[in-house]
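Undergrad: The structure file entry_31.cif (mmCIF, C-alpha atoms) is provided below.
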data_work
loop_
_atom_site.label_atom_id
_atom_site.label_comp_id
_atom_site.auth_asym_id
_atom_site.auth_seq_id
_atom_site.Cartn_x
_atom_site.Cartn_y
_atom_site.Cartn_z
CA GLU I 3 0.00 0.00 0.00
CA THR I 4 1.05 3.59 -0.49
CA ASP I 5 1.32 3.97 3.29
CA GLY I 6 4.20 1.52 3.30
CA ALA I 7 6.19 3.40 0.72
CA GLN I 8 5.38 6.63 2.43
CA ASP I 9 6.62 5.43 5.79
CA GLU I 10 9.83 4.17 4.23
CA SER I 11 10.49 7.54 2.65
CA LEU I 12 9.92 9.36 5.91
CA THR I 13 12.10 7.21 8.11
CA PRO I 14 15.42 8.81 9.11
CA VAL I 15 18.11 7.15 7.07
CA PRO I 16 20.94 5.47 8.97
CA VAL I 17 24.10 7.18 7.80
CA GLY I 18 27.72 6.27 8.13
CA ALA I 19 30.21 8.89 9.12
CA GLY I 20 32.31 8.62 6.01
CA PRO I 21 34.40 6.25 3.94
CA SER I 22 36.26 3.58 5.82
CA ALA I 23 39.95 3.26 5.11
CA PRO I 24 41.32 0.35 7.11
CA GLU I 25 44.56 0.43 5.09
CA ALA I 26 45.21 3.91 6.45
CA GLY I 27 44.70 2.79 10.01
CA ARG I 28 41.24 4.36 10.28
CA ARG I 29 39.12 2.95 13.10
CA GLY I 30 36.02 5.13 13.19
CA ASN I 31 34.62 8.62 12.72
CA SER I 32 33.07 11.25 14.94
CA SER I 33 30.14 13.30 13.69
CA LYS I 34 27.66 15.92 14.74
CA PRO I 35 24.21 14.41 15.30
CA TRP I 36 22.33 17.12 13.41
CA MET I 37 24.36 16.46 10.30
CA PHE I 38 22.91 13.06 9.61
CA ILE I 39 19.15 13.53 10.05
CA ALA I 40 17.20 12.70 6.90
CA ILE I 41 14.05 14.70 6.21
CA GLY I 42 11.88 12.38 4.24
CA LEU I 43 14.40 11.41 1.58
CA ALA I 44 12.90 8.75 -0.69
CA LEU I 45 15.67 6.20 -1.14
CA LEU I 46 13.75 3.66 -3.18
CA LEU I 47 16.16 3.13 -6.06
CA VAL I 48 14.42 0.19 -7.73
CA VAL I 49 14.63 0.64 -11.48
CA ALA I 50 11.44 -1.01 -12.76
CA LEU I 51 10.12 -1.12 -16.30
CA ILE I 52 6.40 -1.66 -15.83
CA LYS I 53 4.27 -2.57 -18.84
CA PRO I 54 0.93 -0.76 -19.10
CA PRO I 55 -1.72 -1.84 -18.51
CA PHE I 56 -0.82 -4.21 -15.67
CA GLY I 57 -1.89 -7.75 -16.34
CA SER I 58 -2.61 -6.99 -20.00
CA ALA I 59 -2.90 -10.03 -22.21
CA SER I 60 -1.35 -8.15 -25.10
CA GLY I 61 2.18 -8.09 -23.75
CA SER I 62 5.47 -8.57 -25.55
CA ASP I 63 6.96 -11.94 -26.41
CA GLU I 64 10.23 -10.30 -27.48
CA VAL I 65 13.12 -12.47 -26.32
CA VAL I 66 15.51 -10.62 -23.99
CA ALA I 67 17.72 -13.63 -23.07
CA THR I 68 18.20 -17.33 -23.76
CA VAL I 69 19.58 -20.05 -21.49
CA ASN I 70 20.56 -23.22 -23.35
CA ASP I 71 18.01 -22.30 -26.05
CA VAL I 72 15.26 -21.67 -23.47
CA LYS I 73 13.83 -18.21 -24.11
CA ILE I 74 13.19 -15.51 -21.51
CA THR I 75 10.75 -12.98 -22.92
CA GLN I 76 10.19 -9.35 -22.10
CA ASP I 77 6.91 -10.37 -20.49
CA ASN I 78 8.76 -12.84 -18.23
CA LEU I 79 11.15 -10.06 -17.23
CA PHE I 80 8.42 -7.49 -16.56
CA ASP I 81 6.33 -9.95 -14.54
CA LYS I 82 9.33 -10.82 -12.38
CA MET I 83 10.23 -7.15 -11.86
CA ILE I 84 6.66 -6.32 -10.90
CA SER I 85 6.57 -9.21 -8.42
CA LEU I 86 9.87 -8.13 -6.86
CA GLY I 87 9.58 -4.34 -6.77
CA GLY I 88 6.71 -3.16 -8.93
CA LYS I 89 4.23 -2.63 -6.09
CA SER I 90 6.55 -0.51 -3.95
CA THR I 91 7.74 1.42 -7.00
CA LEU I 92 4.16 2.17 -8.05
CA ASP I 93 3.30 3.20 -4.49
CA GLN I 94 6.22 5.63 -4.52
CA MET I 95 5.06 7.06 -7.86
CA ILE I 96 1.54 7.51 -6.46
CA GLN I 97 2.92 9.36 -3.45
CA GLU I 98 5.09 11.61 -5.62
CA GLU I 99 2.10 12.46 -7.83
CA LEU I 100 -0.05 13.27 -4.79
CA VAL I 101 2.64 15.62 -3.47
CA LYS I 102 3.05 17.29 -6.88
CA GLN I 103 -0.71 17.88 -7.16
CA GLU I 104 -0.82 19.48 -3.71
CA ALA I 105 2.18 21.66 -4.59
CA ASP I 106 0.60 22.70 -7.90
CA LYS I 107 -2.57 23.74 -6.08
CA ALA I 108 -0.47 25.87 -3.72
CA GLY I 109 1.57 27.38 -6.57
CA ILE I 110 4.75 25.71 -5.32
CA THR I 111 7.49 24.74 -7.77
CA ALA I 112 10.84 22.98 -7.57
CA THR I 113 13.22 24.75 -9.96
CA GLU I 114 16.80 23.80 -10.81
CA ALA I 115 17.96 26.70 -8.65
CA ASP I 116 15.89 25.29 -5.77
CA ILE I 117 17.47 21.89 -6.27
CA ASP I 118 20.97 23.41 -6.34
CA SER I 119 20.25 25.16 -3.03
CA GLU I 120 18.82 22.00 -1.49
CA VAL I 121 21.84 19.91 -2.48
CA LYS I 122 24.12 22.55 -0.90
CA LEU I 123 21.97 22.47 2.23
CA TRP I 124 22.40 18.70 2.47
CA GLU I 125 26.14 18.93 1.82
CA GLY I 126 26.34 21.42 4.70
CA ARG I 127 24.99 18.78 7.10
CA PHE I 128 28.20 16.77 6.65
CA PRO I 129 31.67 17.68 7.91
CA THR I 130 33.19 17.56 4.40
CA ALA I 131 32.17 17.05 0.77
CA ASP I 132 33.91 13.65 0.93
CA ASP I 133 31.62 12.60 3.80
CA PHE I 134 28.56 13.65 1.79
CA ASN I 135 29.74 11.70 -1.26
CA ALA I 136 30.50 8.68 0.91
CA TRP I 137 26.97 8.84 2.34
CA LEU I 138 25.56 8.89 -1.19
CA GLN I 139 27.70 5.88 -2.08
CA GLN I 140 26.61 3.96 1.01
CA ASN I 141 22.99 4.52 -0.02
CA GLY I 142 23.63 3.40 -3.60
CA MET I 143 23.29 6.87 -5.12
CA THR I 144 25.20 9.27 -7.28
CA GLU I 145 24.65 13.01 -6.93
CA ALA I 146 22.52 12.81 -10.09
CA ASP I 147 20.28 10.19 -8.40
CA PHE I 148 20.05 12.40 -5.33
CA ARG I 149 19.01 15.41 -7.41
CA LYS I 150 16.19 13.37 -8.97
CA GLU I 151 14.76 12.79 -5.47
CA MET I 152 14.86 16.48 -4.58
CA PRO I 153 11.69 17.83 -6.30
CA THR I 154 9.35 15.76 -4.11
CA GLN I 155 11.32 16.58 -0.97
CA LEU I 156 11.37 20.28 -1.84
CA ARG I 157 7.61 20.32 -2.41
CA ILE I 158 6.96 18.60 0.93
CA ARG I 159 9.25 21.03 2.74
CA LYS I 160 7.74 24.12 1.08
CA LEU I 161 4.21 22.89 1.83
CA LEU I 162 4.84 22.02 5.48
CA GLU I 163 7.52 24.44 6.71
CA PRO I 164 4.94 27.25 7.16
CA LYS I 165 3.19 24.96 9.65
CA ALA I 166 6.41 24.41 11.63
CA THR I 167 7.64 26.83 14.29
CA VAL I 168 11.12 27.05 15.78
CA THR I 169 11.75 29.60 18.54
CA ASP I 170 15.01 31.08 19.77
CA ASP I 171 14.44 29.32 23.09
CA GLN I 172 14.21 25.94 21.32
CA ILE I 173 17.42 26.66 19.41
CA LYS I 174 19.26 27.64 22.59
CA GLN I 175 17.96 24.60 24.45
CA TYR I 176 19.14 22.30 21.65
CA PHE I 177 22.55 23.98 21.59
CA ASP I 178 22.95 23.71 25.37
CA GLN I 179 21.95 20.03 25.36
CA ASN I 180 24.30 19.14 22.50
CA LYS I 181 27.06 21.71 22.95
CA ALA I 182 29.94 19.25 23.00
CA SER I 183 28.91 17.85 19.63
CA PHE I 184 29.33 21.26 18.00
CA ASP I 185 32.86 21.78 19.35
CA THR I 186 35.66 20.92 16.92
CA PRO I 187 38.64 18.99 18.32
CA GLU I 188 42.20 19.50 17.14
CA GLN I 189 42.72 17.96 13.70
CA VAL I 190 45.70 17.22 11.50
CA ARG I 191 45.98 16.61 7.78
CA VAL I 192 48.58 14.16 6.54
CA SER I 193 49.45 12.05 3.54
CA HIS I 194 50.86 8.56 3.83
CA ILE I 195 52.43 5.72 1.87
CA LEU I 196 51.53 2.21 3.00
CA VAL I 197 53.59 -0.83 2.00
CA ALA I 198 53.65 -4.46 3.07
CA THR I 199 57.21 -4.75 4.42
CA LYS I 200 59.60 -2.69 6.48
CA ALA I 201 62.30 -3.09 3.84
CA GLU I 202 60.04 -1.45 1.21
CA ALA I 203 59.25 1.38 3.62
CA GLU I 204 62.95 1.96 4.35
CA ALA I 205 63.74 2.15 0.63
CA ILE I 206 60.92 4.63 0.00
CA LEU I 207 61.88 6.79 3.00
CA LYS I 208 65.43 6.96 1.62
CA GLU I 209 64.07 8.13 -1.75
CA LEU I 210 61.94 10.79 -0.05
CA GLN I 211 64.87 12.05 2.01
CA GLY I 212 66.77 12.34 -1.25
CA GLY I 213 64.12 14.66 -2.70
CA ALA I 214 61.67 12.26 -4.42
CA ASP I 215 58.09 13.46 -4.90
CA PHE I 216 55.86 12.08 -2.13
CA ALA I 217 52.58 12.15 -4.13
CA LYS I 218 54.21 10.37 -7.09
CA LEU I 219 55.64 7.60 -4.89
CA ALA I 220 52.31 7.24 -3.09
CA SER I 221 50.43 6.77 -6.37
CA GLU I 222 53.01 4.26 -7.59
CA LYS I 223 53.80 2.24 -4.48
CA SER I 224 51.17 2.68 -1.75
CA ILE I 225 48.82 -0.27 -1.22
CA ASP I 226 46.17 1.98 0.35
CA THR I 227 43.70 2.08 -2.55
CA GLY I 228 41.60 4.67 -0.74
CA SER I 229 44.31 7.37 -0.80
CA LYS I 230 47.00 6.48 -3.35
CA ASP I 231 45.21 8.21 -6.25
CA ASN I 232 45.18 11.42 -4.16
CA GLY I 233 48.91 11.28 -3.55
CA GLY I 234 48.31 9.57 -0.19
CA ASP I 235 46.22 12.47 1.20
CA LEU I 236 43.94 11.51 4.12
CA ASN I 237 42.41 14.96 4.66
CA PHE I 238 41.80 16.32 8.19
CA PHE I 239 40.99 13.96 11.05
CA PRO I 240 40.80 14.30 14.86
CA ARG I 241 42.15 11.97 17.51
CA GLY I 242 40.21 8.74 17.95
CA VAL I 243 39.82 8.07 14.22
CA MET I 244 43.06 6.27 13.30
CA ASP I 245 44.88 3.37 14.92
CA LYS I 246 46.90 4.56 17.90
CA PRO I 247 50.45 4.17 16.47
CA PHE I 248 49.43 5.99 13.26
CA GLU I 249 47.58 8.70 15.18
CA ASP I 250 50.44 9.31 17.63
CA ALA I 251 52.93 9.66 14.79
CA ALA I 252 50.67 11.98 12.79
CA PHE I 253 49.93 14.33 15.71
CA ALA I 254 53.61 14.41 16.69
CA LEU I 255 54.53 16.07 13.38
CA LYS I 256 54.76 19.87 13.55
CA THR I 257 56.12 21.45 10.36
CA LYS I 258 54.77 21.34 6.79
CA ASP I 259 56.14 18.41 4.72
CA GLU I 260 57.83 16.90 7.78
CA LEU I 261 58.18 13.11 7.45
CA SER I 262 57.57 10.59 10.21
CA PRO I 263 59.77 7.63 10.98
CA ILE I 264 58.43 4.32 9.67
CA VAL I 265 55.23 3.42 11.56
CA GLN I 266 54.07 -0.18 11.81
CA GLY I 267 50.30 -0.59 11.69
CA ALA I 268 47.85 -3.45 11.44
CA ASN I 269 47.98 -3.44 7.63
CA GLY I 270 51.65 -2.76 6.97
CA PHE I 271 54.25 -0.03 7.29
CA HIS I 272 53.48 3.70 6.91
CA ILE I 273 55.49 6.76 6.04
CA ILE I 274 53.53 9.88 7.02
CA LYS I 275 53.93 13.42 5.70
CA PHE I 276 52.49 16.36 7.66
CA THR I 277 50.40 18.87 5.69
CA ASP I 278 48.33 21.04 8.02
CA ARG I 279 46.75 21.39 11.45
CA LYS I 280 43.49 22.88 12.80
CA ALA I 281 43.37 23.99 16.41
CA ALA I 282 40.49 22.90 18.62
CA HIS I 283 37.52 25.28 18.53
CA THR I 284 34.70 25.81 21.02
CA ALA I 285 31.46 26.51 19.16
CA THR I 286 29.17 29.43 20.00
CA LEU I 287 25.40 29.67 19.70
CA ASP I 288 25.66 32.42 17.06
CA GLU I 289 27.86 30.21 14.86
CA GLU I 290 25.51 27.23 15.01
CA LYS I 291 22.12 28.98 15.20
CA ALA I 292 21.26 28.70 11.49
CA LYS I 293 22.23 25.03 11.33
CA ILE I 294 20.25 24.18 14.44
CA LYS I 295 17.19 26.00 13.12
CA ASP I 296 17.45 24.04 9.89
CA GLN I 297 17.71 20.81 11.87
CA LEU I 298 14.70 21.56 14.09
CA LEU I 299 12.60 22.63 11.11
CA ALA I 300 13.59 19.43 9.32
CA GLN I 301 12.51 17.36 12.32
CA GLN I 302 9.15 19.12 12.50
CA VAL I 303 8.55 18.72 8.77
CA SER I 304 9.35 15.01 9.07
CA GLU I 305 6.92 14.65 11.98
CA LEU I 306 4.17 16.52 10.10
CA SER I 307 4.78 14.66 6.84
CA SER I 308 3.50 11.26 7.91
CA SER I 309 0.00 12.34 8.94
CA TRP I 310 -0.19 14.90 6.11
CA LEU I 311 0.58 12.29 3.46
CA GLN I 312 -1.95 9.91 4.98
CA ASP I 313 -4.54 12.68 4.92
CA ILE I 314 -4.07 13.66 1.27
CA LYS I 315 -4.03 9.99 0.29
CA ALA I 316 -7.31 9.36 2.11
CA LYS I 317 -8.94 12.26 0.26
CA ALA I 318 -7.60 11.30 -3.17
CA LYS I 319 -9.25 9.04 -5.72
CA ILE I 320 -6.59 6.40 -6.37
CA THR I 321 -6.79 3.32 -8.57
CA ASN I 322 -3.99 0.82 -8.02
CA THR I 323 -4.34 -2.44 -9.94
CA LEU I 324 -1.32 -3.95 -8.18
CA GLU I 325 -3.01 -3.87 -4.77
CA GLU I 326 -4.54 -7.02 -3.34
CA PRO I 327 -8.31 -7.25 -4.00
CA ALA I 328 -10.37 -5.83 -1.13
CA ALA I 329 -11.78 -8.37 1.27
CA ALA I 330 -15.30 -7.41 0.17
CA ASP I 331 -14.47 -8.49 -3.40
CA ALA I 332 -13.17 -11.90 -2.34
CA PRO I 333 -15.37 -14.94 -3.03
CA ALA I 334 -17.53 -16.04 -0.10
CA ASP I 335 -16.27 -18.91 2.03
CA PRO I 336 -18.69 -21.83 1.48
CA ASN I 337 -17.81 -23.19 4.95
CA ALA I 338 -18.56 -19.92 6.76
CA PRO I 339 -21.61 -19.88 9.11
CA PRO I 340 -24.72 -18.10 7.76
CA ALA I 341 -25.15 -14.44 8.65
CA ASP I 342 -27.31 -13.65 11.68
CA PRO I 343 -30.54 -12.09 10.31
CA ASN I 344 -31.09 -10.38 13.68
CA ALA I 345 -27.66 -8.71 13.76
CA PRO I 346 -27.77 -4.85 13.72
CA PRO I 347 -26.66 -3.17 10.48
CA ALA I 348 -23.07 -1.97 10.24
CA ASP I 349 -22.45 1.66 11.15
CA PRO I 350 -21.35 3.36 7.91
CA ALA I 351 -19.71 6.14 9.90
CA ALA I 352 -17.28 3.60 11.34
CA GLU I 353 -15.97 2.63 7.93
CA THR I 354 -12.52 3.73 6.87
CA PRO I 355 -12.52 5.98 3.78
CA ALA I 356 -11.18 4.17 0.76
CA GLY I 357 -7.81 5.36 -0.41
#
Show this structure as structure tokens.
TA:
Amino acid sequence: ETDGAQDESLTPVPVGAGPSAPEAGRRGNSSKPWMFIAIGLALLLVVALIKPPFGSASGSDEVVATVNDVKITQDNLFDKMISLGGKSTLDQMIQEELVKQEADKAGITATEADIDSEVKLWEGRFPTADDFNAWLQQNGMTEADFRKEMPTQLRIRKLLEPKATVTDDQIKQYFDQNKASFDTPEQVRVSHILVATKAEAEAILKELQGGADFAKLASEKSIDTGSKDNGGDLNFFPRGVMDKPFEDAAFALKTKDELSPIVQGANGFHIIKFTDRKAAHTATLDEEKAKIKDQLLAQQVSELSSSWLQDIKAKAKITNTLEEPAAADAPADPNAPPADPNAPPADPAAETPAG
């Protein structure tokens, strides 16, 4: 039913904190809780080719594959796709059309400029662009896929945000309750080269001390596939993210391009080059006010969305031929006891409106 697809699209999406890089000694990531709250993002990425009309006898017998001369037709493929994901895909399409009709009635549009702004808003909920792209990857999306989901989400937000209210007191209360999560710890940025043996590491360190280009050697010799194509760059990270020996060596470096001694980690031997450092920073309410307001508005829109979508669905005239036949249309059970002629008539007011 459409309710099922709707609920799925309104459930906060579990989000990782960024790409894992075990070869680099990474052991986890810290994140700010407000950054990873989804606001009704529809993540149903089933690609279904549904033949109209459903159940039509005049389908296609075009052969799309053969297995040892046994033919698989386009009809076979479509029927299987409908059985696996057609119902939920159609439910999602129904929901999107309902939202679009409500937005059209209210004169609400979702322009390319709106979508650009929305994508930037989402990117801003993550510590870095790499974290945002990693989140997309973890959810099986490209940025292009994400943009395709935006019109429906924009319409929902524009329709429901006027009904949401966020006060300065609520913002301050949220900041006070989550203050530590807004503070930024000290971070360093380093590059590294990872190899399997100490002898390899010693040879590479000798080359580097002789003036060899670090990024070139990283791309040629590092076995860390997550960083070698970037010259070994690992971007900024705080303490508690990397394995302890790697972390201690990285934070001990002080001057730009300074090289560490060889560091043995769980996956091999590292040579680390220092790039930059960010001092710890204590956040203020003024700095975080806009982000917190966005977060609280998003939460309220998400809470309002569920009942609002149910309401517009209940009022709409929807025909869905993939739904199970209503119980009233099912054939009578010949073994069922006869109806009681003295039973009171059903109360029509108690019936649920058809949706």
Undergrad: Please, what distance in Å, to one decimal, runs between CA of Gln76 in chain I and CA of Glu64 in chain I?
TA: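 Computing it gives 5.5 Å between the two atoms.
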Undergrad: Using Å and a single decimal, report how far CA of Met152 in chain I sits from CA of Ala108 in chain I.
TA: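 A separation of 18.0 Å between them.
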Undergrad: Could you tell me which of I:Thr91, I:Leu86, I:Glu188, I:Glu99 comes closest to Ala318 in chain I if we count all atoms listed in the file?
TA: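 Of all the options, I:Glu99 lies closest to Ala318 in chain I.
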Undergrad: Between CA of Asn269 in chain I and CA of Lys208 in chain I, what is the distance in Å, rounded to a tenth?
TA: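 We find that CA of Asn269 in chain I and CA of Lys208 in chain I lie 21.2 Å from each other.
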Undergrad: Name the residues that the PyMOL selection byres ((chain I and resi 202) around 12) pulls out of this structure, and write them as a PyMOL selection string.
TA: chain I and resi 195-201+203-209+219+223-225+264+270-273
Undergrad: Counting all atoms listed in the file, find the residues whose atoms lie at most 8 Å from (46.2, 12.2, 8.7) (file coordinates) and write them out as a PDB file with C-alpha atoms, in the frame of the given file.
TA:
ATOM      1  CA  VAL I 190      45.700  17.220  11.500  1.00  0.00           C
ATOM      2  CA  ARG I 191      45.980  16.610   7.780  1.00  0.00           C
ATOM      3  CA  VAL I 192      48.580  14.160   6.540  1.00  0.00           C
ATOM      4  CA  SER I 193      49.450  12.050   3.540  1.00  0.00           C
ATOM      5  CA  HIS I 194      50.860   8.560   3.830  1.00  0.00           C
ATOM      6  CA  ASP I 235      46.220  12.470   1.200  1.00  0.00           C
ATOM      7  CA  LEU I 236      43.940  11.510   4.120  1.00  0.00           C
ATOM      8  CA  ASN I 237      42.410  14.960   4.660  1.00  0.00           C
ATOM      9  CA  PHE I 238      41.800  16.320   8.190  1.00  0.00           C
ATOM     10  CA  PHE I 239      40.990  13.960  11.050  1.00  0.00           C
ATOM     11  CA  GLU I 249      47.580   8.700  15.180  1.00  0.00           C
ATOM     12  CA  ALA I 252      50.670  11.980  12.790  1.00  0.00           C
ATOM     13  CA  ILE I 274      53.530   9.880   7.020  1.00  0.00           C
ATOM     14  CA  PHE I 276      52.490  16.360   7.660  1.00  0.00           C
TER      15      PHE I 276
END
Undergrad: Any idea what's packed within 10 Å of Gln172 in chain I, counting all atoms listed in the file, ignoring anything in its chain fewer than 5 positions away? Could you give it as a list in words?
TA: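 The residues that qualify are Thr167, Phe177, Asp178, Ile294, Lys295 and Leu298 of chain I.
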Undergrad: Check what the PyMOL selection byres ((chain I and resi 117) around 12) selects in the file above and give those residues as a PyMOL selection string.
TA: chain I and resi 111-116+118-124+145-146+148-157
Undergrad: Between I:Met244, I:Leu79, I:Leu287, I:Ala217, which is the closest to Gln179 in chain I once you count only C-alpha atoms?
TA: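 Of I:Met244, I:Leu79, I:Leu287, I:Ala217, the one nearest Gln179 in chain I is I:Leu287, counting only C-alpha atoms.
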Undergrad: Would you mind putting all heavy atoms back on range 160-169 of chain I and writing the result as a PDB file, in the coordinates of the input?
TA:
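result-v2.pdb written:
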ATOM      1  N   LYS I 160       8.367  22.814   1.313  1.00  0.00           N
ATOM      2  CA  LYS I 160       7.740  24.120   1.080  1.00  0.00           C
ATOM      3  C   LYS I 160       6.273  24.121   1.528  1.00  0.00           C
ATOM      4  O   LYS I 160       5.751  25.149   1.979  1.00  0.00           O
ATOM      5  CB  LYS I 160       7.828  24.484  -0.397  1.00  0.00           C
ATOM      6  CG  LYS I 160       9.230  24.889  -0.848  1.00  0.00           C
ATOM      7  CD  LYS I 160       9.209  25.317  -2.317  1.00  0.00           C
ATOM      8  CE  LYS I 160      10.561  25.812  -2.785  1.00  0.00           C
ATOM      9  NZ  LYS I 160      10.523  26.324  -4.175  1.00  0.00           N
ATOM     10  N   LEU I 161       5.609  22.983   1.413  1.00  0.00           N
ATOM     11  CA  LEU I 161       4.210  22.890   1.830  1.00  0.00           C
ATOM     12  C   LEU I 161       4.069  22.888   3.355  1.00  0.00           C
ATOM     13  O   LEU I 161       3.117  23.460   3.895  1.00  0.00           O
ATOM     14  CB  LEU I 161       3.566  21.630   1.255  1.00  0.00           C
ATOM     15  CG  LEU I 161       3.169  21.688  -0.233  1.00  0.00           C
ATOM     16  CD1 LEU I 161       2.987  20.277  -0.792  1.00  0.00           C
ATOM     17  CD2 LEU I 161       1.875  22.490  -0.412  1.00  0.00           C
ATOM     18  N   LEU I 162       5.019  22.239   4.041  1.00  0.00           N
ATOM     19  CA  LEU I 162       4.840  22.020   5.480  1.00  0.00           C
ATOM     20  C   LEU I 162       5.656  22.947   6.369  1.00  0.00           C
ATOM     21  O   LEU I 162       5.312  23.117   7.545  1.00  0.00           O
ATOM     22  CB  LEU I 162       5.177  20.553   5.812  1.00  0.00           C
ATOM     23  CG  LEU I 162       4.267  19.509   5.163  1.00  0.00           C
ATOM     24  CD1 LEU I 162       4.640  18.109   5.640  1.00  0.00           C
ATOM     25  CD2 LEU I 162       2.804  19.793   5.480  1.00  0.00           C
ATOM     26  N   GLU I 163       6.719  23.548   5.854  1.00  0.00           N
ATOM     27  CA  GLU I 163       7.520  24.440   6.710  1.00  0.00           C
ATOM     28  C   GLU I 163       6.718  25.590   7.300  1.00  0.00           C
ATOM     29  O   GLU I 163       6.949  25.969   8.444  1.00  0.00           O
ATOM     30  CB  GLU I 163       8.736  24.973   5.946  1.00  0.00           C
ATOM     31  CG  GLU I 163       9.999  24.220   6.276  1.00  0.00           C
ATOM     32  CD  GLU I 163      11.258  24.894   5.757  1.00  0.00           C
ATOM     33  OE1 GLU I 163      11.175  26.022   5.234  1.00  0.00           O
ATOM     34  OE2 GLU I 163      12.329  24.280   5.871  1.00  0.00           O
ATOM     35  N   PRO I 164       5.740  26.171   6.544  1.00  0.00           N
ATOM     36  CA  PRO I 164       4.940  27.250   7.160  1.00  0.00           C
ATOM     37  C   PRO I 164       4.152  26.790   8.376  1.00  0.00           C
ATOM     38  O   PRO I 164       3.765  27.614   9.203  1.00  0.00           O
ATOM     39  CB  PRO I 164       3.997  27.667   6.018  1.00  0.00           C
ATOM     40  CG  PRO I 164       4.721  27.297   4.769  1.00  0.00           C
ATOM     41  CD  PRO I 164       5.450  26.028   5.100  1.00  0.00           C
ATOM     42  N   LYS I 165       3.920  25.477   8.491  1.00  0.00           N
ATOM     43  CA  LYS I 165       3.190  24.960   9.650  1.00  0.00           C
ATOM     44  C   LYS I 165       4.119  24.636  10.819  1.00  0.00           C
ATOM     45  O   LYS I 165       3.651  24.296  11.906  1.00  0.00           O
ATOM     46  CB  LYS I 165       2.427  23.683   9.253  1.00  0.00           C
ATOM     47  CG  LYS I 165       1.434  23.902   8.116  1.00  0.00           C
ATOM     48  CD  LYS I 165       0.739  22.604   7.753  1.00  0.00           C
ATOM     49  CE  LYS I 165      -0.219  22.821   6.576  1.00  0.00           C
ATOM     50  NZ  LYS I 165      -0.939  21.581   6.205  1.00  0.00           N
ATOM     51  N   ALA I 166       5.437  24.706  10.580  1.00  0.00           N
ATOM     52  CA  ALA I 166       6.410  24.410  11.630  1.00  0.00           C
ATOM     53  C   ALA I 166       6.888  25.703  12.279  1.00  0.00           C
ATOM     54  O   ALA I 166       6.989  26.734  11.612  1.00  0.00           O
ATOM     55  CB  ALA I 166       7.603  23.653  11.047  1.00  0.00           C
ATOM     56  N   THR I 167       7.184  25.646  13.557  1.00  0.00           N
ATOM     57  CA  THR I 167       7.640  26.830  14.290  1.00  0.00           C
ATOM     58  C   THR I 167       8.856  26.475  15.135  1.00  0.00           C
ATOM     59  O   THR I 167       8.812  25.508  15.899  1.00  0.00           O
ATOM     60  CB  THR I 167       6.533  27.372  15.213  1.00  0.00           C
ATOM     61  OG1 THR I 167       5.370  27.635  14.434  1.00  0.00           O
ATOM     62  CG2 THR I 167       6.993  28.655  15.893  1.00  0.00           C
ATOM     63  N   VAL I 168       9.922  27.248  14.970  1.00  0.00           N
ATOM     64  CA  VAL I 168      11.120  27.050  15.780  1.00  0.00           C
ATOM     65  C   VAL I 168      11.443  28.378  16.459  1.00  0.00           C
ATOM     66  O   VAL I 168      11.621  29.402  15.790  1.00  0.00           O
ATOM     67  CB  VAL I 168      12.314  26.603  14.914  1.00  0.00           C
ATOM     68  CG1 VAL I 168      13.586  26.543  15.765  1.00  0.00           C
ATOM     69  CG2 VAL I 168      12.045  25.251  14.277  1.00  0.00           C
ATOM     70  N   THR I 169      11.485  28.373  17.778  1.00  0.00           N
ATOM     71  CA  THR I 169      11.750  29.600  18.540  1.00  0.00           C
ATOM     72  C   THR I 169      13.218  29.687  18.930  1.00  0.00           C
ATOM     73  O   THR I 169      13.952  28.686  18.917  1.00  0.00           O
ATOM     74  CB  THR I 169      10.900  29.627  19.819  1.00  0.00           C
ATOM     75  OG1 THR I 169      11.344  28.560  20.686  1.00  0.00           O
ATOM     76  CG2 THR I 169       9.422  29.446  19.497  1.00  0.00           C
TER      77      THR I 169
END
